[in-house]
Amino acid sequence: MSNPRAMHLQAVERVLQYLKATPGQGLFLKVDSNLHLKAYSDSDWGGCLDIRRSVTGFSVFLGDLLISWKSKKQPTVSRSSTEAEYRALATTTCELQWLVYLLADFQVPHFQAALLYTDSKPASKIASNPVHHERTKYIQLDCHLVREKLQEGLIKIIHIPSRFQLADILTKPLGYLNFHYLLSKIGMINIHSHFEGGCWNIQNAIDAMELKFVDDGVKICSHG
């Protein structure tokens, strides 16, 4: 950075503190997972306070295994949250297409449509609607891309509640409990948890969150 300030130093210090405190954190890869691609796509509209560009985030699973993820500012400013969400959908669709090609190179055919989860109803409706609305004129190329892959059967877009959006962890700052809840859902574990104080309190709180969701009559989207 050309003009670092105190706030940037504080951000770096927080990252280093987190890395120092979690040396045993890593992805748990199961040997009995299926080979069905699933992805979560999300965006933080205008998330960059300096240039007001939105942030795209996605996480892609092969069965229950997290195999690909990204958090990156979008190349242009989005005029609406729907536009930002749809750009994220297009980016995630390209990643799914590349992974299907990669699986084919490894002689692993993928005949099922990849499941693409989004918490944006407008974005999912635009993808399935052949009529161009006024709100889509700035993202027409992305519209054509996503709709083409839908028609080919490469992807199937599914709307989910925001509380189950696993890509949230890649697009915006989260509270302590929500952060650890999403970590557990993407397959991150701490192999040193048995030796660290307070970890069981975190797990108990996560379990309590899931019980509350079940009590509310909402199906938990689980990866583990």
# chains A, B, ... in the order shown; residues from 1 in each chain; ligands from 1
$ closest_atom_pairs --of "segment 153-185 of chain A" --to "segment 25-32 of chain A" --cutoff "12 Å" --atoms "only C-alpha atoms" --output "tab-separated table"
residue	atom	partner	partner_atom	distance
A:His180	CA	A:Gln25	CA	11.6
A:Leu183	CA	A:Leu27	CA	9.5
A:Ser184	CA	A:Leu27	CA	9.7
A:Lys185	CA	A:Leu27	CA	10.8
$ write_last_selection --atoms "N, CA and C atoms" --output "JSON list (two decimals), in the first residue's frame"
[["chain", "number", "residue", "atom", "x", "y", "z"],
["A", 180, "HIS", "N", -17.58, -18.57, 14.10],
["A", 180, "HIS", "CA", -17.24, -19.95, 14.45],
["A", 180, "HIS", "C", -18.31, -20.93, 13.97],
["A", 183, "LEU", "N", -17.49, -21.47, 10.36],
["A", 183, "LEU", "CA", -16.26, -22.28, 10.29],
["A", 183, "LEU", "C", -16.59, -23.76, 10.44],
["A", 184, "SER", "N", -17.46, -24.07, 11.38],
["A", 184, "SER", "CA", -17.81, -25.48, 11.61],
["A", 184, "SER", "C", -18.56, -26.05, 10.42],
["A", 185, "LYS", "N", -19.34, -25.21, 9.72],
["A", 185, "LYS", "CA", -20.14, -25.70, 8.60],
["A", 185, "LYS", "C", -19.33, -25.91, 7.33]]
$ residues_around --residues "Ser41 of chain A" --least-positions-apart "5" --cutoff "9 Å" --atoms "only C-alpha atoms" --output "PyMOL selection string"
chain A and resi 56-60+85+88-89+91-92+116-119+165-168
$ select_by_dssp --residues "segment 7-159 of chain A" --states "helix (DSSP H, G or I)" --output "PyMOL selection string"
chain A and resi 7-21+81-105+121-128+134-136+140-152
$ atom_distance --atom1 "atom CA of Ala84 of chain A" --atom2 "atom CA of Lys70 of chain A"
15.1 Å
$ select_by_dssp --residues "chain A" --states "strand (DSSP E)" --output "ChimeraX atom specification"
/A:25-27,37-44,55-62,65-73,114-118,155-159,188-190
$ residues_around --residues "segment 152-157 of chain A" --least-positions-apart "3" --cutoff "9 Å" --atoms "only C-alpha atoms" --output "list in words"
Thr93, Leu96, Gln97, Val100, Phe111, Gln112, Ala113, Ala114, Leu115, Leu116, Tyr117, Thr118, Ser124, Ala127, Ser128, Val146, Arg147, Glu148 and Lys149 of chain A
$ atom_distance --atom1 "atom CA of Arg52 of chain A" --atom2 "atom CA of Leu16 of chain A"
26.4 Å
$ atom_distance --atom1 "atom CA of Lys73 of chain A" --atom2 "atom CA of Leu35 of chain A"
29.7 Å
$ residues_around --residues "segment 79-81 of chain A" --least-positions-apart "4" --cutoff "9 Å" --atoms "only C-alpha atoms" --output "list in words"
Ser43, Asp44, Trp45, Gly46, Ser54, Glu85, Tyr86, Ser120, Arg135 and Tyr138 of chain A
